[in-house]
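Chemist: Input file: entry_24.cif. Contents: mmCIF, C-alpha atoms and all ligand atoms.
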data_input
loop_
_atom_site.group_PDB
_atom_site.id
_atom_site.type_symbol
_atom_site.label_atom_id
_atom_site.label_comp_id
_atom_site.auth_asym_id
_atom_site.auth_seq_id
_atom_site.Cartn_x
_atom_site.Cartn_y
_atom_site.Cartn_z
ATOM 1 C CA MET A 287 -3.893 13.180 -15.828
ATOM 2 C CA ALA A 288 -1.218 12.078 -18.330
ATOM 3 C CA THR A 289 -2.447 11.998 -21.928
ATOM 4 C CA ILE A 290 -4.363 8.758 -22.026
ATOM 5 C CA THR A 291 -6.032 8.127 -25.366
ATOM 6 C CA GLY A 292 -6.089 4.345 -25.746
ATOM 7 C CA LEU A 293 -4.975 0.994 -24.366
ATOM 8 C CA ALA A 294 -1.378 1.535 -25.464
ATOM 9 C CA SER A 295 -1.108 4.906 -23.677
ATOM 10 C CA LYS A 296 1.331 4.624 -20.830
ATOM 11 C CA ARG A 297 1.909 5.957 -17.365
ATOM 12 C CA GLN A 298 5.395 6.827 -16.205
ATOM 13 C CA LEU A 299 6.910 4.649 -13.473
ATOM 14 C CA ASN A 300 9.378 6.004 -10.891
ATOM 15 C CA ASP A 301 12.255 3.897 -12.303
ATOM 16 C CA GLY A 302 12.056 5.407 -15.806
ATOM 17 C CA ASN A 303 9.981 2.606 -17.351
ATOM 18 C CA ALA A 304 6.349 3.053 -18.418
ATOM 19 C CA ILE A 305 3.228 0.933 -17.992
ATOM 20 C CA PRO A 306 0.222 0.651 -20.360
ATOM 21 C CA CYS A 307 -2.731 2.396 -18.709
ATOM 22 C CA VAL A 308 -5.039 -0.651 -18.583
ATOM 23 C CA GLY A 309 -4.029 -4.267 -17.978
ATOM 24 C CA PHE A 310 -5.790 -7.515 -18.796
ATOM 25 C CA GLY A 311 -6.332 -9.620 -15.652
ATOM 26 C CA VAL A 312 -6.311 -13.421 -15.701
ATOM 27 C CA TYR A 313 -7.199 -14.342 -12.109
ATOM 28 C CA ASN A 314 -9.830 -17.127 -12.088
ATOM 29 C CA THR A 315 -9.078 -17.801 -15.735
ATOM 30 C CA LYS A 316 -8.555 -21.527 -16.134
ATOM 31 C CA PRO A 317 -5.015 -22.724 -16.824
ATOM 32 C CA GLY A 318 -4.317 -23.862 -20.387
ATOM 33 C CA ILE A 319 -6.535 -23.105 -23.342
ATOM 34 C CA GLN A 320 -8.930 -20.722 -21.568
ATOM 35 C CA THR A 321 -6.080 -18.435 -20.514
ATOM 36 C CA GLU A 322 -4.348 -18.695 -23.874
ATOM 37 C CA GLN A 323 -7.535 -17.878 -25.796
ATOM 38 C CA ALA A 324 -8.566 -15.019 -23.499
ATOM 39 C CA LEU A 325 -5.174 -13.347 -23.800
ATOM 40 C CA LEU A 326 -5.102 -13.792 -27.578
ATOM 41 C CA TRP A 327 -8.512 -12.090 -27.771
ATOM 42 C CA ALA A 328 -7.263 -9.346 -25.463
ATOM 43 C CA LEU A 329 -4.177 -8.708 -27.594
ATOM 44 C CA GLU A 330 -6.377 -8.660 -30.705
ATOM 45 C CA ALA A 331 -8.614 -6.115 -28.955
ATOM 46 C CA GLY A 332 -5.588 -3.909 -28.289
ATOM 47 C CA TYR A 333 -4.572 -4.678 -24.694
ATOM 48 C CA ARG A 334 -0.809 -4.442 -24.331
ATOM 49 C CA HIS A 335 -0.525 -5.424 -20.670
ATOM 50 C CA VAL A 336 -1.302 -8.725 -18.933
ATOM 51 C CA ASP A 337 -1.468 -9.384 -15.204
ATOM 52 C CA THR A 338 -0.884 -12.953 -13.999
ATOM 53 C CA ALA A 339 0.609 -14.537 -10.865
ATOM 54 C CA SER A 340 2.201 -17.844 -9.941
ATOM 55 C CA CYS A 341 -0.760 -18.658 -7.700
ATOM 56 C CA TYR A 342 -3.199 -18.274 -10.636
ATOM 57 C CA ARG A 343 -1.521 -21.398 -12.107
ATOM 58 C CA ASN A 344 -1.924 -20.027 -15.615
ATOM 59 C CA GLU A 345 1.507 -18.592 -16.407
ATOM 60 C CA GLU A 346 1.993 -21.341 -19.045
ATOM 61 C CA GLY A 347 -1.233 -20.306 -20.802
ATOM 62 C CA VAL A 348 -0.075 -16.693 -20.778
ATOM 63 C CA GLY A 349 3.267 -17.801 -22.219
ATOM 64 C CA LYS A 350 1.553 -19.810 -24.948
ATOM 65 C CA ALA A 351 -0.472 -16.798 -26.058
ATOM 66 C CA LEU A 352 2.647 -14.613 -26.019
ATOM 67 C CA SER A 353 4.462 -17.131 -28.211
ATOM 68 C CA LYS A 354 1.569 -17.263 -30.702
ATOM 69 C CA THR A 355 0.614 -13.613 -31.064
ATOM 70 C CA GLN A 356 1.957 -11.440 -33.860
ATOM 71 C CA VAL A 357 2.283 -8.540 -31.418
ATOM 72 C CA PRO A 358 5.997 -8.046 -30.688
ATOM 73 C CA ARG A 359 7.154 -8.992 -27.179
ATOM 74 C CA SER A 360 8.552 -5.498 -26.693
ATOM 75 C CA ASP A 361 5.048 -4.031 -27.125
ATOM 76 C CA ILE A 362 3.535 -6.194 -24.364
ATOM 77 C CA PHE A 363 3.891 -5.462 -20.664
ATOM 78 C CA VAL A 364 3.918 -8.705 -18.661
ATOM 79 C CA THR A 365 3.390 -8.815 -14.901
ATOM 80 C CA THR A 366 3.618 -11.827 -12.645
ATOM 81 C CA LYS A 367 3.736 -12.172 -8.869
ATOM 82 C CA LEU A 368 5.625 -13.959 -6.146
ATOM 83 C CA TRP A 369 3.301 -15.996 -3.924
ATOM 84 C CA ASP A 370 3.338 -15.744 -0.102
ATOM 85 C CA THR A 371 4.828 -19.199 0.511
ATOM 86 C CA ASP A 372 7.780 -18.316 -1.736
ATOM 87 C CA GLN A 373 8.858 -15.316 0.334
ATOM 88 C CA GLY A 374 12.453 -15.180 1.637
ATOM 89 C CA TYR A 375 15.618 -14.389 -0.346
ATOM 90 C CA GLU A 376 16.549 -17.767 -1.850
ATOM 91 C CA LYS A 377 12.973 -18.987 -2.186
ATOM 92 C CA ALA A 378 11.984 -15.833 -4.039
ATOM 93 C CA LEU A 379 14.803 -16.209 -6.562
ATOM 94 C CA ALA A 380 13.876 -19.867 -7.126
ATOM 95 C CA ALA A 381 10.179 -18.981 -7.516
ATOM 96 C CA PHE A 382 11.023 -16.311 -10.070
ATOM 97 C CA ASP A 383 13.011 -18.828 -12.126
ATOM 98 C CA LYS A 384 9.977 -21.118 -12.145
ATOM 99 C CA SER A 385 7.639 -18.305 -13.205
ATOM 100 C CA ILE A 386 9.809 -17.045 -16.032
ATOM 101 C CA GLY A 387 10.274 -20.646 -17.189
ATOM 102 C CA LYS A 388 6.514 -21.201 -17.296
ATOM 103 C CA LEU A 389 6.029 -17.924 -19.140
ATOM 104 C CA GLY A 390 8.806 -18.875 -21.576
ATOM 105 C CA LEU A 391 10.228 -15.347 -21.467
ATOM 106 C CA ASP A 392 13.699 -13.803 -21.180
ATOM 107 C CA TYR A 393 12.415 -11.056 -18.905
ATOM 108 C CA VAL A 394 9.219 -9.875 -17.243
ATOM 109 C CA ASP A 395 8.239 -6.226 -17.217
ATOM 110 C CA LEU A 396 6.966 -6.177 -13.658
ATOM 111 C CA TYR A 397 7.411 -8.592 -10.771
ATOM 112 C CA LEU A 398 5.271 -8.048 -7.679
ATOM 113 C CA VAL A 399 5.349 -9.309 -4.125
ATOM 114 C CA HIS A 400 1.782 -10.652 -4.066
ATOM 115 C CA SER A 401 1.048 -9.684 -0.464
ATOM 116 C CA PRO A 402 2.656 -8.565 2.793
ATOM 117 C CA SER A 403 1.129 -11.534 4.645
ATOM 118 C CA PRO A 404 4.312 -13.412 5.716
ATOM 119 C CA GLY A 405 5.466 -10.646 8.099
ATOM 120 C CA THR A 406 8.291 -8.111 8.358
ATOM 121 C CA LYS A 407 11.354 -10.398 8.298
ATOM 122 C CA LEU A 408 10.329 -12.337 5.203
ATOM 123 C CA ARG A 409 8.994 -9.232 3.451
ATOM 124 C CA LEU A 410 12.289 -7.394 3.760
ATOM 125 C CA GLU A 411 14.376 -10.427 2.771
ATOM 126 C CA THR A 412 12.117 -10.897 -0.222
ATOM 127 C CA TRP A 413 12.583 -7.291 -1.289
ATOM 128 C CA LYS A 414 16.361 -7.820 -1.404
ATOM 129 C CA ALA A 415 15.703 -10.643 -3.883
ATOM 130 C CA MET A 416 13.419 -8.362 -5.899
ATOM 131 C CA GLU A 417 16.188 -5.745 -6.062
ATOM 132 C CA HIS A 418 18.632 -8.421 -7.176
ATOM 133 C CA LEU A 419 16.242 -9.501 -9.963
ATOM 134 C CA LYS A 420 15.843 -5.915 -11.132
ATOM 135 C CA LYS A 421 19.628 -5.441 -11.218
ATOM 136 C CA SER A 422 20.028 -8.710 -13.158
ATOM 137 C CA GLY A 423 17.795 -7.333 -15.933
ATOM 138 C CA LYS A 424 15.459 -10.350 -15.800
ATOM 139 C CA VAL A 425 12.834 -8.040 -14.319
ATOM 140 C CA LYS A 426 12.426 -4.513 -15.682
ATOM 141 C CA SER A 427 10.493 -3.142 -12.711
ATOM 142 C CA ILE A 428 9.605 -4.327 -9.215
ATOM 143 C CA GLY A 429 6.602 -3.591 -7.076
ATOM 144 C CA VAL A 430 4.251 -4.751 -4.368
ATOM 145 C CA SER A 431 0.634 -5.748 -4.021
ATOM 146 C CA ASN A 432 -1.842 -5.497 -1.170
ATOM 147 C CA TYR A 433 0.500 -3.244 0.839
ATOM 148 C CA GLY A 434 -1.060 -0.911 3.373
ATOM 149 C CA VAL A 435 0.592 2.402 4.308
ATOM 150 C CA HIS A 436 2.458 0.779 7.225
ATOM 151 C CA HIS A 437 3.938 -1.902 4.913
ATOM 152 C CA LEU A 438 5.032 0.765 2.428
ATOM 153 C CA LYS A 439 6.635 2.898 5.160
ATOM 154 C CA GLU A 440 8.533 -0.130 6.474
ATOM 155 C CA LEU A 441 9.843 -0.859 2.980
ATOM 156 C CA LEU A 442 10.723 2.724 2.011
ATOM 157 C CA GLU A 443 12.816 3.109 5.173
ATOM 158 C CA VAL A 444 15.277 0.414 4.092
ATOM 159 C CA CYS A 445 14.968 -0.262 0.382
ATOM 160 C CA GLU A 446 17.607 0.586 -2.177
ATOM 161 C CA ILE A 447 15.080 0.483 -5.036
ATOM 162 C CA LYS A 448 11.553 1.806 -4.483
ATOM 163 C CA PRO A 449 8.494 -0.184 -5.631
ATOM 164 C CA VAL A 450 7.050 1.303 -8.830
ATOM 165 C CA VAL A 451 3.488 0.196 -8.118
ATOM 166 C CA ASN A 452 1.225 -1.008 -5.354
ATOM 167 C CA GLN A 453 -1.513 -3.258 -6.750
ATOM 168 C CA VAL A 454 -4.567 -3.122 -4.494
ATOM 169 C CA GLU A 455 -8.299 -3.574 -4.760
ATOM 170 C CA ILE A 456 -9.679 -0.105 -5.394
ATOM 171 C CA THR A 457 -13.066 0.909 -6.773
ATOM 172 C CA PRO A 458 -15.643 3.613 -6.044
ATOM 173 C CA TYR A 459 -16.924 1.192 -3.376
ATOM 174 C CA LEU A 460 -13.468 0.821 -1.800
ATOM 175 C CA ALA A 461 -11.661 4.163 -1.961
ATOM 176 C CA ARG A 462 -8.554 3.487 0.185
ATOM 177 C CA THR A 463 -7.825 7.210 0.444
ATOM 178 C CA ASP A 464 -4.918 6.656 2.884
ATOM 179 C CA ILE A 465 -3.090 4.373 0.444
ATOM 180 C CA GLU A 466 -3.923 6.648 -2.498
ATOM 181 C CA LYS A 467 -2.500 9.701 -0.720
ATOM 182 C CA PHE A 468 0.672 7.929 0.411
ATOM 183 C CA CYS A 469 1.368 6.407 -3.022
ATOM 184 C CA LYS A 470 0.832 9.761 -4.734
ATOM 185 C CA GLU A 471 3.278 11.457 -2.349
ATOM 186 C CA HIS A 472 5.892 8.772 -3.060
ATOM 187 C CA ASN A 473 5.321 8.510 -6.807
ATOM 188 C CA ILE A 474 4.081 4.922 -6.620
ATOM 189 C CA ILE A 475 1.402 4.088 -9.206
ATOM 190 C CA LEU A 476 -1.719 2.360 -7.925
ATOM 191 C CA GLU A 477 -2.845 -0.607 -9.968
ATOM 192 C CA ALA A 478 -6.550 -1.251 -9.390
ATOM 193 C CA TYR A 479 -7.414 -4.914 -9.091
ATOM 194 C CA SER A 480 -10.961 -6.253 -9.225
ATOM 195 C CA PRO A 481 -11.895 -2.919 -10.889
ATOM 196 C CA LEU A 482 -15.280 -4.400 -11.840
ATOM 197 C CA THR A 483 -15.931 -5.465 -8.216
ATOM 198 C CA MET A 484 -15.783 -9.045 -9.534
ATOM 199 C CA GLY A 485 -19.162 -8.259 -11.071
ATOM 200 C CA GLU A 486 -20.813 -7.678 -7.655
ATOM 201 C CA LYS A 487 -21.800 -4.032 -8.097
ATOM 202 C CA LEU A 488 -22.454 -3.918 -11.837
ATOM 203 C CA LYS A 489 -26.216 -3.719 -11.226
ATOM 204 C CA ASP A 490 -26.077 -1.160 -8.415
ATOM 205 C CA SER A 491 -28.848 1.321 -9.244
ATOM 206 C CA ALA A 492 -26.783 4.431 -8.428
ATOM 207 C CA LEU A 493 -24.051 3.200 -10.792
ATOM 208 C CA VAL A 494 -26.603 2.271 -13.473
ATOM 209 C CA GLU A 495 -27.970 5.834 -13.277
ATOM 210 C CA ILE A 496 -24.547 7.306 -14.045
ATOM 211 C CA ALA A 497 -23.876 4.750 -16.809
ATOM 212 C CA ASN A 498 -27.188 5.618 -18.493
ATOM 213 C CA LYS A 499 -26.255 9.297 -18.510
ATOM 214 C CA TYR A 500 -23.190 8.520 -20.643
ATOM 215 C CA ASN A 501 -24.869 5.780 -22.663
ATOM 216 C CA LYS A 502 -22.217 3.407 -21.368
ATOM 217 C CA SER A 503 -22.231 0.173 -19.359
ATOM 218 C CA THR A 504 -21.554 0.125 -15.629
ATOM 219 C CA ALA A 505 -18.297 -1.753 -16.393
ATOM 220 C CA HIS A 506 -17.228 1.172 -18.609
ATOM 221 C CA ILE A 507 -17.901 3.654 -15.803
ATOM 222 C CA LEU A 508 -15.865 1.654 -13.273
ATOM 223 C CA ILE A 509 -12.886 1.299 -15.644
ATOM 224 C CA ARG A 510 -13.061 4.954 -16.675
ATOM 225 C CA TRP A 511 -13.308 6.089 -13.027
ATOM 226 C CA SER A 512 -10.100 4.205 -12.347
ATOM 227 C CA ILE A 513 -8.306 5.723 -15.348
ATOM 228 C CA GLN A 514 -9.416 9.257 -14.424
ATOM 229 C CA HIS A 515 -8.048 8.740 -10.901
ATOM 230 C CA GLY A 516 -4.662 7.918 -12.429
ATOM 231 C CA TYR A 517 -4.853 4.233 -11.513
ATOM 232 C CA VAL A 518 -4.055 1.304 -13.813
ATOM 233 C CA PRO A 519 -7.184 -0.888 -13.822
ATOM 234 C CA LEU A 520 -6.880 -4.611 -14.581
ATOM 235 C CA PRO A 521 -10.309 -5.825 -15.815
ATOM 236 C CA LYS A 522 -10.696 -9.560 -16.326
ATOM 237 C CA SER A 523 -13.024 -11.526 -18.591
ATOM 238 C CA VAL A 524 -12.976 -14.847 -20.398
ATOM 239 C CA HIS A 525 -15.625 -13.747 -22.912
ATOM 240 C CA GLN A 526 -14.498 -12.138 -26.149
ATOM 241 C CA GLU A 527 -17.463 -9.769 -26.308
ATOM 242 C CA ARG A 528 -16.728 -8.414 -22.815
ATOM 243 C CA ILE A 529 -12.974 -8.321 -23.406
ATOM 244 C CA VAL A 530 -13.626 -6.060 -26.407
ATOM 245 C CA SER A 531 -16.370 -4.052 -24.716
ATOM 246 C CA ASN A 532 -14.159 -3.300 -21.704
ATOM 247 C CA THR A 533 -11.760 -1.442 -24.030
ATOM 248 C CA GLU A 534 -14.423 1.113 -25.047
ATOM 249 C CA VAL A 535 -13.511 3.593 -22.353
ATOM 250 C CA PHE A 536 -11.564 6.218 -24.287
ATOM 251 C CA ASP A 537 -14.404 7.965 -26.117
ATOM 252 C CA PHE A 538 -15.958 9.704 -23.125
ATOM 253 C CA GLU A 539 -15.000 11.486 -19.942
ATOM 254 C CA ILE A 540 -16.769 11.349 -16.596
ATOM 255 C CA SER A 541 -17.503 14.895 -15.380
ATOM 256 C CA ASP A 542 -15.948 16.171 -12.132
ATOM 257 C CA GLU A 543 -19.400 16.197 -10.590
ATOM 258 C CA ASP A 544 -20.014 12.545 -11.441
ATOM 259 C CA MET A 545 -16.490 11.584 -10.314
ATOM 260 C CA ASN A 546 -17.402 13.135 -6.941
ATOM 261 C CA THR A 547 -20.658 11.202 -6.858
ATOM 262 C CA LEU A 548 -18.795 7.966 -7.624
ATOM 263 C CA ASP A 549 -16.195 8.739 -4.929
ATOM 264 C CA GLY A 550 -19.118 9.003 -2.527
ATOM 265 C CA PHE A 551 -20.017 5.323 -3.096
ATOM 266 C CA ASP A 552 -17.205 4.252 -0.747
ATOM 267 C CA GLU A 553 -18.461 1.645 1.732
ATOM 268 C CA HIS A 554 -15.226 -0.311 2.235
ATOM 269 C CA PHE A 555 -16.541 -3.090 0.025
ATOM 270 C CA VAL A 556 -13.864 -5.807 -0.182
ATOM 271 C CA THR A 557 -14.565 -8.664 -2.595
ATOM 272 C CA GLU A 558 -12.179 -11.364 -1.353
ATOM 273 C CA TRP A 559 -9.207 -10.615 0.873
ATOM 274 C CA ASP A 560 -7.584 -7.543 2.388
ATOM 275 C CA PRO A 561 -3.938 -8.089 3.366
ATOM 276 C CA THR A 562 -3.415 -4.292 3.520
ATOM 277 C CA ARG A 563 -4.618 -4.607 7.132
ATOM 278 C CA TYR A 564 -2.231 -7.362 8.194
ATOM 279 C CA ASP A 565 0.720 -6.749 10.547
HETATM 280 N N1 LIG A 601 -2.988 -8.750 -6.425
HETATM 281 C C1 LIG A 601 -4.080 -9.340 -5.997
HETATM 282 O O1 LIG A 601 -4.178 -9.797 -4.844
HETATM 283 C C2 LIG A 601 -5.242 -9.491 -6.937
HETATM 284 C C3 LIG A 601 -6.487 -9.938 -6.444
HETATM 285 C C4 LIG A 601 -7.550 -10.023 -7.334
HETATM 286 C C5 LIG A 601 -7.373 -9.676 -8.670
HETATM 287 N N2 LIG A 601 -6.156 -9.273 -9.138
HETATM 288 C C6 LIG A 601 -5.926 -8.925 -10.564
HETATM 289 O O2 LIG A 601 -6.966 -8.061 -11.027
HETATM 290 C C7 LIG A 601 -7.651 -8.671 -12.115
HETATM 291 C C8 LIG A 601 -9.116 -8.283 -12.134
HETATM 292 O O3 LIG A 601 -9.756 -8.615 -10.926
HETATM 293 P P1 LIG A 601 -10.825 -9.801 -10.813
HETATM 294 O O4 LIG A 601 -10.509 -10.836 -11.826
HETATM 295 O O5 LIG A 601 -10.848 -10.172 -9.387
HETATM 296 O O6 LIG A 601 -12.219 -9.140 -11.100
HETATM 297 P P2 LIG A 601 -12.862 -7.991 -12.037
HETATM 298 O O7 LIG A 601 -12.043 -7.687 -13.198
HETATM 299 O O8 LIG A 601 -13.285 -6.904 -11.112
HETATM 300 O O9 LIG A 601 -14.198 -8.713 -12.476
HETATM 301 C C9 LIG A 601 -14.181 -9.884 -13.232
HETATM 302 C C10 LIG A 601 -15.626 -10.428 -13.261
HETATM 303 O O10 LIG A 601 -16.463 -9.535 -13.992
HETATM 304 C C11 LIG A 601 -17.017 -10.207 -15.117
HETATM 305 N N3 LIG A 601 -17.012 -9.234 -16.235
HETATM 306 C C12 LIG A 601 -15.938 -8.778 -16.924
HETATM 307 N N4 LIG A 601 -16.312 -7.847 -17.824
HETATM 308 C C13 LIG A 601 -17.649 -7.715 -17.708
HETATM 309 C C14 LIG A 601 -18.607 -6.921 -18.380
HETATM 310 N N5 LIG A 601 -18.259 -6.067 -19.329
HETATM 311 N N6 LIG A 601 -19.904 -7.044 -18.010
HETATM 312 C C15 LIG A 601 -20.271 -7.915 -17.033
HETATM 313 N N7 LIG A 601 -19.408 -8.689 -16.361
HETATM 314 C C16 LIG A 601 -18.093 -8.585 -16.699
HETATM 315 C C17 LIG A 601 -16.120 -11.396 -15.362
HETATM 316 O O11 LIG A 601 -16.857 -12.464 -15.925
HETATM 317 P P3 LIG A 601 -16.352 -13.322 -17.202
HETATM 318 O O12 LIG A 601 -14.880 -13.606 -17.016
HETATM 319 O O13 LIG A 601 -17.202 -14.546 -17.115
HETATM 320 O O14 LIG A 601 -16.636 -12.472 -18.407
HETATM 321 C C18 LIG A 601 -15.702 -11.762 -13.939
HETATM 322 O O15 LIG A 601 -16.715 -12.512 -13.296
HETATM 323 C C19 LIG A 601 -7.413 -10.166 -11.875
HETATM 324 O O16 LIG A 601 -7.716 -10.944 -13.007
HETATM 325 C C20 LIG A 601 -5.969 -10.146 -11.457
HETATM 326 O O17 LIG A 601 -5.134 -9.995 -12.587
HETATM 327 C C21 LIG A 601 -5.094 -9.155 -8.278
#
Reformat the file's structure so that it appears as structure tokens.
Ligand SMILES: NC(=O)c1ccc[n+]([C@@H]2O[C@H](COP(=O)([O-])OP(=O)(O)OC[C@H]3O[C@@H](n4cnc5c(N)ncnc54)[C@H](OP(=O)(O)O)[C@@H]3O)[C@@H](O)[C@H]2O)c1

Modeler:
Amino acid sequence: MATITGLASKRQLNDGNAIPCVGFGVYNTKPGIQTEQALLWALEAGYRHVDTASCYRNEEGVGKALSKTQVPRSDIFVTTKLWDTDQGYEKALAAFDKSIGKLGLDYVDLYLVHSPSPGTKLRLETWKAMEHLKKSGKVKSIGVSNYGVHHLKELLEVCEIKPVVNQVEITPYLARTDIEKFCKEHNIILEAYSPLTMGEKLKDSALVEIANKYNKSTAHILIRWSIQHGYVPLPKSVHQERIVSNTEVFDFEISDEDMNTLDGFDEHFVTEWDPTRYD
């Protein structure tokens, strides 16, 4: 594991850029003031990485917080995503212009294809647009989300610029060992979305048992598990207390034995959708 000591610690991306090891997620965070306030609390708590998407409809709120914070823009890693209905070369470029306008930024750090859902033709056309955006400098790094191994293989066969990350749902309850292995081999970082299982497994007795051992919460164990696997977890909360609490994951280490136990929780538990399986 790279030296990860706090929220600002970074992981190296395959294009020479680096990504802060934990991101702040804003899915299901209401547009406007709720998003703005949550991100301001997150920045105050030390997060230096935010993960939004055009389909979350809260890019403006993210932009507002970024314009208000005292934290310099260059210290904050901003990700947004291209929605399925915007796939295709021209549509993708137009969608990006809308997103960056809503964010009020000159560049985004990471732009992701939100899912492979629209099929091969549109996916590959879209990737050409992503490469164009990277070359233009308006996007520092490009990546994908919800790609299964077959989608990644299809892309790597033809792309000029490799994706730096694949953002997928991944937790002890959803191991995705095939995707993990493939991404490792190809130096693609895995970003772990819904790292807290959207709250669904936080009371699981086997997880509670491990959390008690470390005198930590179950949320801490899930975030720490992700970090120790080399993933970039993206926990979300709209509550200041939880936003702060979810940062307290750098003062302990899960033992190899307990990491193995956690890995054994895999039951292919998907919270919402799983486009990694689509054609
Ligand atoms: N690419 C994709 O397709 C995709 C899909 C899903 C998510 N994501 C990204 O990943 C991020 C995280 O995933 P997610 O939002 O689905 O879920 P998550 O982070 O796994 O869980 C969020 C849920 O857990 C609760 N929570 C947060 N901290 C807690 C704590 N310490 N104790 C108890 N409950 C806690 C939150 O409630 P409160 O907010 O009420 O505190 C919320 O209900 C998203 O925000 C988004 O950025 C990407």

Chemist: Quick one: apply the PyMOL selection byres (((not hetatm)) within 6 of (chain A and resi 601)) to the file and drop the selected residues here as a ChimeraX atom specification.

Modeler: /A:311-313,337-338,400,431,453,479-485,505,520-525,528,532

Chemist: I'd like the residues picked by the PyMOL selection byres (((chain A and resi 371) around 12) and not hetatm) written out as a short mmCIF file (atom, residue, chain, number, x, y, z; two decimals) with C-alpha atoms, in the frame of the given file, using the chain letters and numbers from the file.

Modeler:
data_model
loop_
_atom_site.label_atom_id
_atom_site.label_comp_id
_atom_site.auth_asym_id
_atom_site.auth_seq_id
_atom_site.Cartn_x
_atom_site.Cartn_y
_atom_site.Cartn_z
CA SER A 340 2.20 -17.84 -9.94
CA CYS A 341 -0.76 -18.66 -7.70
CA LYS A 367 3.74 -12.17 -8.87
CA LEU A 368 5.62 -13.96 -6.15
CA TRP A 369 3.30 -16.00 -3.92
CA ASP A 370 3.34 -15.74 -0.10
CA ASP A 372 7.78 -18.32 -1.74
CA GLN A 373 8.86 -15.32 0.33
CA GLY A 374 12.45 -15.18 1.64
CA TYR A 375 15.62 -14.39 -0.35
CA LYS A 377 12.97 -18.99 -2.19
CA ALA A 378 11.98 -15.83 -4.04
CA ALA A 380 13.88 -19.87 -7.13
CA ALA A 381 10.18 -18.98 -7.52
CA VAL A 399 5.35 -9.31 -4.12
CA HIS A 400 1.78 -10.65 -4.07
CA SER A 401 1.05 -9.68 -0.46
CA PRO A 402 2.66 -8.56 2.79
CA SER A 403 1.13 -11.53 4.64
CA PRO A 404 4.31 -13.41 5.72
CA GLY A 405 5.47 -10.65 8.10
CA LEU A 408 10.33 -12.34 5.20
CA ARG A 409 8.99 -9.23 3.45
CA THR A 412 12.12 -10.90 -0.22
#

Chemist: Identify which of the residues A:Leu325, A:Val430, A:Met416, A:Val444 lies closest to A:Thr355, counting all atoms listed in the file when measuring atom-to-atom distances.

Modeler: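 For A:Thr355, the nearest of the candidates is A:Leu325.
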
Chemist: Measuring between all atoms listed in the file, which one of A:Glu345, A:Leu379, A:Ala294, A:Asn300 shows the shortest distance to A:Val451?

Modeler: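 So, comparing all the options, the nearest one is A:Asn300.
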
Chemist: Could you tell me which of A:Leu396, A:Met545, A:Ile447, A:Ile513 comes closest to A:Thr533 if we count all atoms listed in the file?

Modeler: A:Ile513

Chemist: How many Å separate atom CA of A:Trp413 from atom CA of A:Ile386?

Modeler: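 Atom CA of A:Ile386 lies at a distance of 17.9 Å from atom CA of A:Trp413.
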
Chemist: Edge lengths and centre in Å to one decimal, as JSON, of the axis-aligned box that encloses all listed atoms of stretch 439-457 of chain A with 8 Å added on every side?

Modeler:
{"center_x": 2.3, "center_y": -0.2, "center_z": -1.2, "size_x": 46.7, "size_y": 22.7, "size_z": 31.3}

Chemist: Residues within 9 Å of stretch 462-471 of chain A, please, as a list in words. Count all atoms listed in the file; anything in the same chain fewer than 3 positions from it doesn't count.

Modeler: Tyr433, Gly434, Val435, Leu438, Val451, Asn452, Glu455, Ile456, Thr457, Ile474, Ile475, Leu476, Asp552 and His554 of chain A

Chemist: Quote the spacing between atom CA of A:Thr315 and atom CA of A:Arg334 in Å to one decimal place.

Modeler: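 That distance, rounded to one decimal, is 17.9 Å.
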